[in-house]
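Source file: my_file.txt; contents: compact mmCIF, C-alpha atoms.
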# COMPACT_ATOMS: atom_id res chain seq x y z
CA MET N 1 34.01 17.93 -65.50
CA SER N 2 30.30 18.31 -65.01
CA THR N 3 27.66 17.35 -62.51
CA PHE N 4 24.29 15.91 -63.37
CA ALA N 5 21.63 15.48 -60.72
CA VAL N 6 17.91 14.84 -60.82
CA PHE N 7 15.80 15.69 -57.81
CA GLY N 8 12.20 14.77 -57.48
CA MET N 9 9.67 13.65 -54.94
CA THR N 10 7.40 10.67 -55.19
CA LEU N 11 4.23 10.32 -53.16
CA ASP N 12 5.67 7.38 -51.18
CA VAL N 13 8.78 9.35 -50.22
CA ALA N 14 6.66 12.39 -49.32
CA LYS N 15 4.45 10.23 -47.07
CA ALA N 16 7.47 8.74 -45.30
CA GLU N 17 9.02 12.17 -44.79
CA ALA N 18 5.73 13.64 -43.53
CA ARG N 19 5.23 10.78 -41.05
CA LYS N 20 8.73 11.39 -39.67
CA LYS N 21 8.34 15.17 -39.41
CA VAL N 22 4.84 15.42 -37.90
CA SER N 23 4.97 15.09 -34.13
CA GLY N 24 2.56 12.79 -32.32
CA VAL N 25 2.30 15.09 -29.30
CA ARG N 26 1.49 18.73 -28.66
CA LYS N 27 2.30 21.13 -25.85
CA ASN N 28 -0.29 21.43 -23.11
CA PRO N 29 0.81 22.94 -19.80
CA LYS N 30 -2.17 21.34 -18.02
CA ALA N 31 -1.27 17.81 -19.10
CA PRO N 32 1.20 15.70 -17.12
CA GLY N 33 4.71 16.34 -18.42
CA GLY N 34 3.55 19.39 -20.39
CA VAL N 35 2.58 17.40 -23.50
CA GLU N 36 -0.41 15.40 -24.62
CA PRO N 37 -0.77 12.88 -27.46
CA ILE N 38 -2.57 13.99 -30.61
CA PRO N 39 -5.54 11.75 -31.54
CA GLU N 40 -4.75 9.52 -34.51
CA ALA N 41 -7.39 11.05 -36.80
CA GLU N 42 -6.04 14.54 -36.14
CA TRP N 43 -2.44 13.34 -36.60
CA LEU N 44 -3.32 11.75 -39.95
CA ALA N 45 -4.91 15.04 -41.05
CA LEU N 46 -1.68 16.86 -40.12
CA VAL N 47 0.33 14.27 -42.07
CA GLU N 48 -1.88 14.77 -45.15
CA LYS N 49 -1.44 18.53 -44.86
CA ARG N 50 2.35 18.07 -44.70
CA ILE N 51 2.25 15.76 -47.75
CA GLU N 52 0.37 18.41 -49.73
CA LYS N 53 2.97 20.99 -48.72
CA ILE N 54 5.83 18.72 -49.79
CA MET N 55 4.24 17.72 -53.11
CA GLY N 56 3.08 21.27 -53.85
CA GLY N 57 6.58 22.65 -54.04
CA GLY N 58 7.53 22.77 -50.39
CA TYR N 59 10.38 20.35 -51.01
CA VAL N 60 13.79 21.99 -51.40
CA PRO N 61 16.46 19.74 -52.89
CA PRO N 62 19.85 19.74 -51.17
CA ALA N 63 22.43 22.17 -52.55
CA LEU N 64 25.18 20.67 -54.63
CA ALA N 65 28.68 21.73 -53.75
CA PRO N 66 30.33 23.63 -56.57
CA VAL N 67 32.51 21.16 -58.41
CA ARG N 68 34.96 23.60 -59.95
CA ARG N 69 35.98 25.99 -57.21
CA PRO N 70 38.90 28.32 -57.97
CA ALA N 71 41.17 26.71 -55.34
CA VAL N 72 40.55 23.26 -56.82
CA CYS N 73 41.13 24.51 -60.36
CA ARG N 74 44.51 26.02 -59.40
CA ALA N 75 45.59 22.80 -57.71
CA VAL N 76 44.53 20.61 -60.64
CA HIS N 77 45.77 22.73 -63.51
Output the structure of this file as structure tokens.
Amino acid sequence: MSTFAVFGMTLDVAKAEARKKVSGVRKNPKAPGGVEPIPEAEWLALVEKRIEKIMGGGYVPPALAPVRRPAVCRAVH
């Protein structure tokens, strides 16, 4: 039994992930509620920075569970 997996990142997926991860507000104790919205131009710059990080090797693929663990092998064989 073997496992084959290919992990990669496309620019579209990186953009979607960056847009989800970059917050639209920042902490400011002087602002009402303790947060203030980030201007759109600044937010877009933060998103671009996050995209570069993701595409430049900042993406870590999920770990695959070991398929042939000793307990499973004993039960199967």
Exercise. Just give me the gap between CA of Arg26 in chain N and CA of Leu11 in chain N in Å, one decimal is fine.
Key: 26.0 Å
Practice problem: Can you work out which one of N:Gly56, N:Pro29, N:Ile51, N:Val35 has the shortest atom-to-atom distance to Asp12 in chain N, counting all atoms listed in the file? | Solution: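 Result for the nearest residue to Asp12 in chain N: N:Ile51.
Across the model, the gap from CA of Lys15 in chain N to CA of Met55 in chain N is 9.6 Å.
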Quiz prompt | Coordinates-based distance that separates CA of Lys53 in chain N from CA of Val13 in chain N (Å, one decimal) | solution =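 So the two atoms, CA of Val13 in chain N and CA of Lys53 in chain N, lie 13.1 Å apart.
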Exercise. Pick out the closest residue to Arg50 in chain N from this set: N:Thr10, N:Pro32, N:Arg19, N:Lys27. Count all atoms listed in the file.
Key: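 Result for the nearest residue to Arg50 in chain N: N:Arg19.
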Quiz item: Which residue, N:Met9, N:Val22, N:Asn28, N:Glu17, has the smallest gap to Glu40 in chain N when you use all atoms listed in the file?
Solution: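 Ranked by minimum distance to Glu40 in chain N, first place goes to N:Val22.
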